[in-house]
Amino acid sequence: MWRFGLRLEIRPPTYQGSFMYYVYFIKSVKNGKVYVGYTNDLRRRIKEHNTRKGGKYTKNKGKFFLIYYEAYRSREDAKRREDNLKLHKKAYTQLKGRISKSLGLKEISKP
């Protein structure tokens, strides 16, 4: 695009190689436990969990399905939110109540 005699390139903003970062909740089909994590590629990460290439906690827990996610433009914001959910019971409990009702789930256990 040309403007005032200067060529301006318009590119979508990238945030460390990705457009978005996600905080996600996945639930184990095997034991019903919930795992909270964050990633910049949600589809790839869930596939990794389901093929046992995910984190240590999920490696031997069987198949998972996505129950909730939040999108952020900054890696730092997503990591802060993940830490908040894992470390602070009140934040986790409030979200748990909200998504349990929304999705008709009976109960989600603490990660």
# chains A, B, ... in the order shown; residues from 1 in each chain; ligands from 1
>>> select_by_dssp(residues="region 22-62 of chain A", states="alpha helix (DSSP H)", output="MDAnalysis selection string")
chainID A and resid 42:50
>>> write_last_selection(atoms="C-alpha atoms", output="short mmCIF file (atom, residue, chain, number, x, y, z; two decimals), in the first residue's frame")
data_model
loop_
_atom_site.label_atom_id
_atom_site.label_comp_id
_atom_site.auth_asym_id
_atom_site.auth_seq_id
_atom_site.Cartn_x
_atom_site.Cartn_y
_atom_site.Cartn_z
CA LEU A 42 -4.62 -25.61 20.32
CA ARG A 43 -5.31 -28.33 17.74
CA ARG A 44 -1.70 -29.52 17.73
CA ARG A 45 -1.52 -29.54 21.53
CA ILE A 46 -4.68 -31.59 22.01
CA LYS A 47 -3.44 -34.02 19.37
CA GLU A 48 -0.16 -34.30 21.31
CA HIS A 49 -2.05 -35.07 24.52
CA ASN A 50 -4.08 -37.74 22.74
#
>>> residues_around(residues="Gly37 (chain A)", least_positions_apart="2", cutoff="8 Å", atoms="only C-alpha atoms", output="VMD selection string")
chain A and resid 23 to 25 35 39 82
>>> atom_distance(atom1="CA of Gly32 (chain A)", atom2="CA of Met20 (chain A)")
27.8 Å
>>> residues_around(residues="region 65-79 of chain A", least_positions_apart="5", cutoff="8 Å", atoms="only C-alpha atoms", output="list in words")
Tyr15, Gln16, Phe19, Met20, Tyr21, Tyr22, Val23, Tyr24, Phe25, Ile26, Lys27, Ser28, Val29, Tyr38, Asn40, Ile46, Ile99 and Leu103 of chain A
>>> select_by_dssp(residues="region 13-84 of chain A", states="strand (DSSP E or B)", output="number ranges by chain")
A: 15, 18, 21-28, 34-39, 64-72
>>> atom_distance(atom1="CA of Gly54 (chain A)", atom2="CA of Thr93 (chain A)")
24.7 Å
>>> residues_around(residues="Gln94 (chain A)", least_positions_apart="4", cutoff="12 Å", atoms="only C-alpha atoms", output="PyMOL selection string")
chain A and resi 84-85+88-90+98-101+108+110
>>> write_last_selection(atoms="N, CA and C atoms", output="CSV table (one decimal), in the first residue's frame")
chain,number,residue,atom,x,y,z
A,84,ASN,N,-2.6,-18.7,37.3
A,84,ASN,CA,-3.7,-18.3,38.2
A,84,ASN,C,-4.7,-19.4,38.4
A,85,LEU,N,-5.1,-20.1,37.4
A,85,LEU,CA,-6.0,-21.2,37.5
A,85,LEU,C,-5.4,-22.4,38.3
A,88,HIS,N,-4.5,-20.7,42.3
A,88,HIS,CA,-5.4,-20.1,43.1
A,88,HIS,C,-6.8,-20.7,43.0
A,89,LYS,N,-7.2,-21.4,44.1
A,89,LYS,CA,-8.4,-22.2,44.1
A,89,LYS,C,-9.7,-21.3,43.8
A,90,LYS,N,-9.7,-20.1,44.2
A,90,LYS,CA,-10.9,-19.3,44.0
A,90,LYS,C,-11.1,-19.1,42.5
A,98,ARG,N,-18.8,-22.0,36.3
A,98,ARG,CA,-19.3,-21.4,35.1
A,98,ARG,C,-19.3,-22.4,34.0
A,99,ILE,N,-18.3,-23.1,33.8
A,99,ILE,CA,-18.3,-24.0,32.6
A,99,ILE,C,-19.0,-25.3,32.9
A,100,SER,N,-19.1,-25.7,34.2
A,100,SER,CA,-19.9,-26.9,34.5
A,100,SER,C,-21.4,-26.7,34.1
A,101,LYS,N,-21.9,-25.5,34.4
A,101,LYS,CA,-23.3,-25.2,34.1
A,101,LYS,C,-23.5,-25.0,32.6
A,108,ILE,N,-16.2,-31.0,37.8
A,108,ILE,CA,-14.8,-31.0,37.2
A,108,ILE,C,-13.9,-31.1,38.4
A,110,LYS,N,-10.3,-30.8,40.5
A,110,LYS,CA,-9.1,-29.9,40.4
A,110,LYS,C,-7.9,-30.5,39.8
